[in-house]
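Peer 1: So here's coords-v3.cif (mmCIF, C-alpha atoms and all ligand atoms).
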```cif
data_final
#
loop_
_atom_site.label_atom_id
_atom_site.label_comp_id
_atom_site.auth_asym_id
_atom_site.auth_seq_id
_atom_site.Cartn_x
_atom_site.Cartn_y
_atom_site.Cartn_z
CA MET A 1 7.26 -9.66 13.17
CA PRO A 2 4.16 -10.34 10.98
CA ILE A 3 2.83 -13.89 10.70
CA HIS A 4 3.02 -14.82 7.02
CA LEU A 5 -0.33 -16.61 6.74
CA LEU A 6 -0.43 -15.94 2.99
CA ARG A 7 3.18 -16.84 2.09
CA GLY A 8 3.25 -18.48 -1.36
CA LYS A 9 -0.20 -17.14 -2.31
CA SER A 10 -0.78 -14.77 -5.17
CA VAL A 11 -3.44 -12.07 -4.98
CA LEU A 12 -4.87 -9.57 -7.46
CA VAL A 13 -6.33 -6.30 -6.11
CA THR A 14 -8.32 -4.11 -8.50
CA GLY A 15 -7.98 -0.39 -7.79
CA GLY A 16 -5.06 -1.50 -5.64
CA ALA A 17 -2.89 1.59 -6.08
CA ARG A 18 -4.43 4.10 -3.69
CA ARG A 19 -6.75 4.75 -0.76
CA ILE A 20 -8.53 1.57 0.44
CA GLY A 21 -7.03 -0.57 -2.35
CA ARG A 22 -3.53 0.47 -1.33
CA ALA A 23 -4.19 -0.50 2.31
CA ILE A 24 -5.51 -3.88 1.12
CA SER A 25 -2.46 -4.47 -1.11
CA LEU A 26 -0.11 -3.66 1.79
CA ALA A 27 -2.02 -5.75 4.34
CA LEU A 28 -1.93 -8.77 2.01
CA GLY A 29 1.78 -8.17 1.34
CA ASN A 30 2.37 -7.88 5.08
CA ALA A 31 0.75 -11.32 5.46
CA GLY A 32 3.25 -12.71 2.91
CA ALA A 33 1.23 -12.69 -0.33
CA ASP A 34 2.56 -11.75 -3.75
CA VAL A 35 0.37 -8.90 -4.98
CA ALA A 36 -0.73 -7.78 -8.45
CA VAL A 37 -1.60 -4.10 -7.96
CA ILE A 38 -4.17 -3.31 -10.65
CA TYR A 39 -4.71 0.33 -11.65
CA ARG A 40 -6.57 2.16 -14.38
CA THR A 41 -5.14 5.70 -14.25
CA SER A 42 -2.97 5.81 -11.08
CA GLN A 43 0.26 4.36 -12.46
CA ALA A 44 2.63 6.31 -10.20
CA GLU A 45 0.65 5.34 -7.08
CA ALA A 46 0.55 1.71 -8.27
CA ASP A 47 4.34 1.69 -8.70
CA GLN A 48 4.76 3.16 -5.21
CA THR A 49 2.39 0.62 -3.63
CA ALA A 50 4.11 -2.25 -5.46
CA HIS A 51 7.47 -0.96 -4.25
CA GLU A 52 6.17 -0.98 -0.66
CA VAL A 53 4.85 -4.55 -1.08
CA GLU A 54 8.29 -5.61 -2.31
CA SER A 55 9.92 -3.95 0.67
CA LEU A 56 7.84 -6.33 2.83
CA GLY A 57 9.68 -9.22 1.16
CA CYS A 58 6.97 -10.23 -1.33
CA ARG A 59 6.76 -10.10 -5.10
CA ALA A 60 4.62 -7.38 -6.69
CA LEU A 61 3.39 -6.60 -10.15
CA THR A 62 1.56 -3.57 -11.53
CA LEU A 63 -0.87 -3.95 -14.41
CA GLN A 64 -3.19 -1.49 -16.08
CA CYS A 65 -6.73 -2.79 -16.47
CA ASP A 66 -10.16 -1.38 -17.14
CA VAL A 67 -12.54 -3.69 -15.28
CA ARG A 68 -15.36 -2.68 -17.65
CA SER A 69 -13.56 -4.36 -20.55
CA GLU A 70 -13.73 -8.15 -21.04
CA ASP A 71 -10.55 -8.09 -23.11
CA SER A 72 -8.64 -6.00 -20.57
CA VAL A 73 -9.73 -8.22 -17.66
CA ARG A 74 -8.84 -11.39 -19.57
CA LYS A 75 -5.33 -10.10 -20.37
CA THR A 76 -4.79 -8.93 -16.77
CA ILE A 77 -5.69 -12.30 -15.25
CA ALA A 78 -3.50 -14.11 -17.80
CA ALA A 79 -0.55 -11.76 -17.13
CA THR A 80 -0.88 -12.23 -13.36
CA VAL A 81 -0.96 -16.03 -13.63
CA SER A 82 1.93 -15.98 -16.06
CA HIS A 83 4.01 -13.79 -13.69
CA PHE A 84 3.27 -15.50 -10.36
CA GLY A 85 2.53 -19.00 -11.69
CA ARG A 86 -0.81 -19.16 -9.88
CA LEU A 87 -3.73 -17.05 -8.70
CA ASP A 88 -5.15 -17.70 -5.21
CA MET A 89 -7.34 -14.70 -4.64
CA VAL A 90 -8.95 -11.68 -6.24
CA VAL A 91 -10.10 -8.59 -4.37
CA ASN A 92 -12.72 -6.65 -6.33
CA ASN A 93 -12.10 -3.20 -4.88
CA ALA A 94 -12.28 -0.93 -7.96
CA ALA A 95 -15.44 1.15 -8.07
CA ILE A 96 -16.82 4.57 -8.82
CA PHE A 97 -19.05 6.63 -6.54
CA GLY A 98 -21.92 8.74 -7.81
CA SER A 99 -23.98 11.53 -6.28
CA ALA A 100 -27.09 12.92 -7.97
CA PRO A 101 -30.79 13.40 -7.24
CA LEU A 102 -32.48 10.14 -8.35
CA GLU A 103 -34.78 11.88 -10.82
CA SER A 104 -31.87 13.46 -12.67
CA ILE A 105 -29.56 10.45 -13.02
CA SER A 106 -28.83 10.05 -16.72
CA LEU A 107 -28.58 6.71 -18.53
CA GLU A 108 -24.86 7.33 -18.98
CA GLN A 109 -24.37 7.91 -15.24
CA TRP A 110 -26.45 4.85 -14.33
CA ASP A 111 -24.63 2.57 -16.78
CA ALA A 112 -21.16 3.86 -15.85
CA VAL A 113 -21.71 3.01 -12.18
CA PHE A 114 -23.09 -0.45 -12.94
CA GLU A 115 -20.41 -1.24 -15.54
CA THR A 116 -17.66 -0.61 -13.01
CA ASN A 117 -19.23 -1.65 -9.69
CA ALA A 118 -21.28 -4.71 -10.66
CA ARG A 119 -20.17 -5.89 -14.11
CA GLY A 120 -16.48 -5.36 -13.29
CA PRO A 121 -16.40 -7.78 -10.32
CA PHE A 122 -18.47 -10.28 -12.32
CA LEU A 123 -15.95 -10.18 -15.19
CA VAL A 124 -12.91 -10.44 -12.92
CA ALA A 125 -14.44 -13.37 -11.02
CA ARG A 126 -15.54 -15.17 -14.18
CA GLU A 127 -12.13 -14.84 -15.84
CA ALA A 128 -10.25 -15.85 -12.67
CA LEU A 129 -12.46 -18.80 -11.81
CA THR A 130 -10.51 -21.61 -13.50
CA HIS A 131 -7.31 -20.52 -11.78
CA LEU A 132 -9.01 -20.04 -8.40
CA ARG A 133 -10.71 -23.44 -8.59
CA ALA A 134 -7.34 -25.11 -9.23
CA VAL A 135 -5.96 -23.87 -5.89
CA HIS A 136 -9.13 -23.66 -3.76
CA GLY A 137 -8.96 -19.89 -3.92
CA ARG A 138 -11.04 -16.99 -2.71
CA ILE A 139 -12.91 -13.97 -4.02
CA ILE A 140 -13.37 -10.92 -1.82
CA ASN A 141 -15.67 -8.17 -3.01
CA ILE A 142 -15.69 -4.66 -1.57
CA GLY A 143 -19.32 -3.68 -1.20
CA SER A 144 -20.72 -0.78 0.79
CA LEU A 145 -23.03 0.17 3.62
CA GLY A 146 -24.84 1.93 0.76
CA GLY A 147 -25.71 -1.50 -0.64
CA MET A 148 -27.74 -2.20 2.51
CA HIS A 149 -29.07 1.25 3.48
CA ALA A 150 -30.85 3.65 1.15
CA TRP A 151 -28.83 6.80 0.46
CA ALA A 152 -31.30 8.89 -1.56
CA GLY A 153 -28.64 11.00 -3.25
CA HIS A 154 -26.67 7.99 -4.51
CA ALA A 155 -29.30 5.61 -5.93
CA HIS A 156 -27.16 4.20 -8.77
CA TYR A 157 -24.21 3.61 -6.42
CA CYS A 158 -26.42 1.97 -3.76
CA ALA A 159 -28.18 -0.24 -6.32
CA SER A 160 -24.84 -1.30 -7.85
CA LYS A 161 -23.44 -2.25 -4.44
CA ALA A 162 -26.64 -4.15 -3.55
CA ALA A 163 -26.12 -6.04 -6.81
CA LEU A 164 -22.54 -6.81 -5.77
CA HIS A 165 -23.75 -8.10 -2.40
CA MET A 166 -26.17 -10.47 -4.13
CA LEU A 167 -23.47 -11.43 -6.65
CA THR A 168 -21.29 -12.38 -3.64
CA GLN A 169 -23.97 -14.76 -2.41
CA THR A 170 -24.78 -16.26 -5.81
CA MET A 171 -21.08 -16.74 -6.60
CA ALA A 172 -20.50 -18.32 -3.18
CA LYS A 173 -23.13 -20.94 -4.00
CA ALA A 174 -22.12 -21.40 -7.64
CA PHE A 175 -18.35 -21.62 -7.08
CA ALA A 176 -18.45 -23.88 -4.00
CA PRO A 177 -16.90 -26.11 -2.87
CA GLU A 178 -13.59 -25.03 -4.39
CA VAL A 179 -13.83 -21.24 -4.04
CA SER A 180 -15.09 -19.16 -1.12
CA VAL A 181 -16.63 -15.77 -1.89
CA ASN A 182 -17.20 -13.01 0.67
CA CYS A 183 -17.76 -9.28 0.82
CA VAL A 184 -16.52 -6.46 3.03
CA ALA A 185 -18.98 -3.55 3.23
CA PRO A 186 -17.35 -0.35 4.53
CA GLY A 187 -19.24 2.54 6.07
CA TRP A 188 -17.73 6.03 5.91
CA ILE A 189 -13.97 5.74 5.45
CA GLU A 190 -12.07 8.94 6.14
CA PHE A 191 -9.05 10.21 4.19
CA GLN A 192 -7.03 13.41 4.37
CA GLU A 193 -8.98 14.71 1.37
CA SER A 194 -12.41 13.90 2.93
CA ASP A 195 -14.92 16.68 3.55
CA GLY A 196 -14.15 17.70 7.15
CA GLU A 197 -17.69 18.77 8.06
CA GLN A 198 -19.26 15.56 6.75
CA SER A 199 -16.60 13.49 8.50
CA GLN A 200 -17.35 15.19 11.82
CA ARG A 201 -21.09 14.74 11.41
CA LEU A 202 -20.75 11.03 10.55
CA ALA A 203 -18.25 10.33 13.34
CA ALA A 204 -20.74 11.83 15.81
CA LYS A 205 -23.53 9.55 14.45
CA THR A 206 -21.32 6.44 14.58
CA PRO A 207 -21.62 4.32 17.75
CA MET A 208 -17.81 3.81 17.80
CA LYS A 209 -17.48 7.64 17.71
CA ARG A 210 -15.01 7.77 14.84
CA ASN A 211 -14.93 7.20 11.10
CA GLY A 212 -13.32 4.14 9.53
CA THR A 213 -9.80 3.96 8.15
CA ALA A 214 -8.56 2.17 5.07
CA GLU A 215 -6.68 -0.13 7.45
CA ASP A 216 -9.96 -1.11 9.18
CA VAL A 217 -11.23 -2.31 5.79
CA ALA A 218 -7.96 -4.09 5.01
CA GLN A 219 -8.12 -5.99 8.32
CA ALA A 220 -11.57 -7.31 7.40
CA VAL A 221 -10.25 -8.37 3.98
CA LEU A 222 -7.44 -10.23 5.75
CA PHE A 223 -10.02 -12.12 7.81
CA PHE A 224 -11.65 -13.46 4.64
CA ALA A 225 -8.25 -13.97 2.96
CA ALA A 226 -6.57 -15.97 5.70
CA GLY A 227 -9.44 -17.25 7.88
CA ALA A 228 -11.57 -20.38 7.55
CA SER A 229 -12.55 -21.14 3.95
CA PHE A 230 -15.78 -22.64 5.37
CA VAL A 231 -16.96 -19.03 5.75
CA THR A 232 -18.58 -18.15 2.42
CA GLY A 233 -21.33 -15.89 1.09
CA GLN A 234 -20.94 -13.41 3.96
CA ILE A 235 -21.21 -9.64 3.90
CA LEU A 236 -19.21 -8.06 6.72
CA SER A 237 -19.95 -4.43 7.60
CA VAL A 238 -16.97 -2.35 8.65
CA ASP A 239 -18.80 0.76 9.81
CA GLY A 240 -18.29 1.27 13.54
CA GLY A 241 -21.99 0.46 13.98
CA LEU A 242 -23.19 3.31 11.71
CA GLY A 243 -25.62 0.96 9.94
CA LEU A 244 -27.28 -0.29 13.14
P1 LIG A 301 -11.94 5.06 -5.05
O1 LIG A 301 -13.17 5.82 -5.40
O2 LIG A 301 -10.75 5.83 -4.66
O3 LIG A 301 -11.66 4.07 -6.26
C1 LIG A 301 -10.80 2.96 -6.13
C2 LIG A 301 -10.11 2.71 -7.42
O4 LIG A 301 -11.00 2.16 -8.40
C3 LIG A 301 -9.52 3.92 -8.10
O5 LIG A 301 -8.26 4.21 -7.58
C4 LIG A 301 -9.50 3.53 -9.59
O6 LIG A 301 -8.19 3.21 -10.05
C5 LIG A 301 -10.29 2.22 -9.61
N1 LIG A 301 -11.20 2.18 -10.77
C6 LIG A 301 -12.28 2.96 -11.04
N2 LIG A 301 -12.82 2.63 -12.22
C7 LIG A 301 -12.08 1.60 -12.72
C8 LIG A 301 -12.11 0.82 -13.90
N3 LIG A 301 -13.05 1.01 -14.84
N4 LIG A 301 -11.18 -0.14 -14.07
C9 LIG A 301 -10.24 -0.35 -13.13
N5 LIG A 301 -10.13 0.35 -12.00
C10 LIG A 301 -11.03 1.32 -11.80
O7 LIG A 301 -12.29 4.02 -3.92
P2 LIG A 301 -12.10 4.04 -2.32
O8 LIG A 301 -10.70 3.75 -1.97
O9 LIG A 301 -12.81 5.20 -1.73
O10 LIG A 301 -13.00 2.74 -1.99
C11 LIG A 301 -12.58 1.44 -2.32
C12 LIG A 301 -13.77 0.51 -2.32
O11 LIG A 301 -14.49 0.64 -1.10
C13 LIG A 301 -14.77 0.81 -3.43
O12 LIG A 301 -15.32 -0.41 -3.88
C14 LIG A 301 -15.81 1.64 -2.74
O13 LIG A 301 -17.07 1.60 -3.38
C15 LIG A 301 -15.84 0.99 -1.38
N6 LIG A 301 -16.34 1.88 -0.34
C16 LIG A 301 -15.66 3.03 -0.01
C17 LIG A 301 -16.12 3.86 0.96
C18 LIG A 301 -15.38 5.11 1.37
O14 LIG A 301 -15.80 5.75 2.33
N7 LIG A 301 -14.30 5.47 0.70
C19 LIG A 301 -17.37 3.57 1.68
C20 LIG A 301 -18.01 2.35 1.25
C21 LIG A 301 -17.50 1.55 0.28
P3 LIG A 301 -7.21 4.34 -10.68
O15 LIG A 301 -7.01 5.34 -9.57
O16 LIG A 301 -5.98 3.59 -11.03
O17 LIG A 301 -7.91 4.92 -11.87
#
```
Would it be possible to restate this file's structure as structure tokens?
Peer 2:
Amino acid sequence: MPIHLLRGKSVLVTGGARRIGRAISLALGNAGADVAVIYRTSQAEADQTAHEVESLGCRALTLQCDVRSEDSVRKTIAATVSHFGRLDMVVNNAAIFGSAPLESISLEQWDAVFETNARGPFLVAREALTHLRAVHGRIINIGSLGGMHAWAGHAHYCASKAALHMLTQTMAKAFAPEVSVNCVAPGWIEFQESDGEQSQRLAAKTPMKRNGTAEDVAQAVLFFAAGASFVTGQILSVDGGLGL
């Protein structure tokens, strides 16, 4: 029987329909939270995830939002508050990954990664702030090991995640004492569709001798969601020691 540490709380998860976002939505639902599952293109997966949250005995809502758009983010926050009556937490999980030799990254590629991975979480946090302050809420950003370690073939992604890590710390200071802000930084998370050879190579390099799961990331999100609000401005690696 799960302990409903988040019963009565309302949470918004960007990119909450599938993969890591889905695991986060379900873990928060399992802890008793009402969950707004935010998607951009994955409507069917969002409906399925919301259905599973409801089957845990919580309320769920699906909303389409493009985190790059101020108008879209504003409407999404307003719709969530209107539906649940409050907003206690946002999880900035939506992101895009990019792979390209540094010298050939185009302006469009650079801007697309930053618009989603750094500007998106800023917009969501800024628009949610009044509601979060009212209930002593929390912001949880999903960063990356790539924001702390240089991956030469993913410079725009790494730089955008480093920006999100710093945004976590600046928001933690700026939004205190009402709102705590933390970041979970996953290492290599394996899915069925992951490249098998790369997965094997990374698991062998990882001190814990396996790759991460979406549930490993969700457990770390739960720590920041339900643990001491005195913890703020922290970046927690979930990488099996790969970054050591
Ligand atoms: P995905 O690459 O699968 O993307 C997550 C979701 O982001 C997508 O489902 C998509 O929603 C949403 N999204 C993308 N662009 C936008 C946008 N403009 N507006 C709204 N939503 C958008 O992520 P993962 O599950 O692999 O990872 C989740 C988080 O963890 C990300 O922040 C990622 O950077 C981080 N991470 C992941 C690692 C991994 O190994 N997978 C490693 C390190 C960090 P939709 O499908 O509805 O379009």
Peer 1: Using only C-alpha atoms and all ligand atoms, what table do you get, as a tab-separated table, when you list each residue of chain A with an atom no more than 6 Å from ligand LIG 301 (chain A), its nearest pair of atoms, and their distance in Å rounded to one decimal, rows by chain then rising number?
Peer 2:
```
residue	atom	partner	partner_atom	distance
A:Thr14	CA	A:LIG301	N5	6.0
A:Gly15	CA	A:LIG301	C2	3.8
A:Arg18	CA	A:LIG301	O5	5.5
A:Arg19	CA	A:LIG301	O8	4.3
A:Ile20	CA	A:LIG301	O8	3.9
A:Gly21	CA	A:LIG301	O8	5.7
A:Tyr39	CA	A:LIG301	O16	3.6
A:Arg40	CA	A:LIG301	O16	3.7
A:Thr41	CA	A:LIG301	O17	3.7
A:Ser42	CA	A:LIG301	O16	3.7
A:Cys65	CA	A:LIG301	C9	5.4
A:Asp66	CA	A:LIG301	N4	3.5
A:Val67	CA	A:LIG301	N4	4.0
A:Arg68	CA	A:LIG301	N3	5.2
A:Asn93	CA	A:LIG301	O12	4.4
A:Ala94	CA	A:LIG301	O4	3.4
A:Ala95	CA	A:LIG301	O12	4.5
A:Ile96	CA	A:LIG301	O1	5.2
A:Thr116	CA	A:LIG301	N3	5.2
A:Ile142	CA	A:LIG301	O12	4.9
A:Gly143	CA	A:LIG301	C21	5.7
A:Ser144	CA	A:LIG301	C21	4.0
A:Leu145	CA	A:LIG301	C20	6.0
A:Pro186	CA	A:LIG301	C20	4.3
A:Gly187	CA	A:LIG301	C19	4.9
A:Trp188	CA	A:LIG301	O14	4.1
A:Ile189	CA	A:LIG301	O14	3.6
```
Peer 1: I'd like the interatomic distance between atom CA of A:Ala225 and atom CA of A:Leu242, to a tenth of an Å.
Peer 2: 24.5 Å
Peer 1: Can you tell me which residues surround A:His165 at a distance of at most 12 Å, considering all atoms listed in the file, apart from same-chain residues fewer than 5 positions away, and format the answer as a PyMOL selection string?
Peer 2: chain A and resi 92+117-118+121-122+140-148+158-160+170-172+181-185+233-237
Peer 1: Calculated over only C-alpha atoms, which of the candidates A:Ala33, A:Ala162, A:Ala128, A:Ala17 has the smallest distance to A:Gln48?
Peer 2: A:Ala17
Peer 1: May I ask which of the residues A:Gly98, A:Gly153, A:Gly8, A:Gly16 is the closest one to A:Val113, counting all atoms listed in the file?
Peer 2: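 Checking each of A:Gly98, A:Gly153, A:Gly8, A:Gly16 against A:Val113, counting all atoms listed in the file, the winner is A:Gly98.
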Peer 1: Can you build me a table of stretch 5-78 of chain A residues sitting at most 12 Å from stretch 129-133 of chain A, with the closest atom pair per residue and its distance in Å to one decimal, using all atoms listed in the file, sorted by chain and residue number, as a tab-separated table?
Peer 2:
```
residue	atom	partner	partner_atom	distance
A:Lys9	CA	A:Leu132	CA	11.1
A:Ser10	CA	A:Leu132	CA	10.3
A:Val11	CA	A:Leu132	CA	10.3
A:Leu12	CA	A:Leu132	CA	11.3
A:Arg74	CA	A:Leu129	CA	11.3
A:Ile77	CA	A:His131	CA	9.1
A:Ala78	CA	A:His131	CA	9.6
```
Peer 1: To one decimal place, how far is atom CA of A:His4 from atom CA of A:Ala31 in Å?
Peer 2: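 So the answer is 4.5 Å.
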Peer 1: Looking at A:Arg86, A:Tyr157, A:Val217, A:Val35, which one is nearest to A:Ala112, with distances taken over all atoms listed in the file?
Peer 2: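 Of the candidates, the smallest distance to A:Ala112 is held by A:Tyr157.
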Peer 1: Calculated over only C-alpha atoms, which of the candidates A:Val13, A:Gly32, A:Phe84, A:Gln192 has the smallest distance to A:Ala125?
Peer 2: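 The answer is A:Val13, which sits nearest to A:Ala125.
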Peer 1: Stretch 36-45 of chain A, all listed atoms, 8 Å padding on each side: what axis-aligned box centre and edge lengths in Å to one decimal come out, as lines of an AutoDock Vina configuration file?
Peer 2:
```
center_x = -2.0
center_y = -0.7
center_z = -10.7
size_x = 25.2
size_y = 30.1
size_z = 23.3
```
Peer 1: Quick check, in Å to one decimal: how far apart do atom CA of A:Gln109 and atom CA of A:Ala152 lie?
Peer 2: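 Rounded to one decimal, the two atoms are 15.4 Å apart.
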Peer 1: Which residue is closest to A:Ala100? Choose from A:Ala60, A:His83, A:Asn211, A:His154 and count all atoms listed in the file.
Peer 2: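 Using all atoms listed in the file, the shortest distance to A:Ala100 belongs to A:His154.
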Peer 1: Given the point (-2.3, 1.3, 1.2) in the coordinates of this file, which residues lie within 12 Å, counting all atoms listed in the file, and how would they look as JSON, numbers by chain?
Peer 2: {"A": [13, 15, 16, 17, 18, 19, 20, 21, 22, 23, 24, 25, 26, 27, 28, 29, 30, 37, 45, 46, 47, 48, 49, 50, 51, 52, 53, 191, 213, 214, 215, 216, 217, 218, 219]}
Peer 1: With only C-alpha atoms as the atoms that count, which of A:Lys75, A:Lys161, A:Arg59, A:Lys173 lies nearest to A:His149?
Peer 2: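 When distances to A:His149 are compared using only C-alpha atoms, the smallest one comes from A:Lys161.
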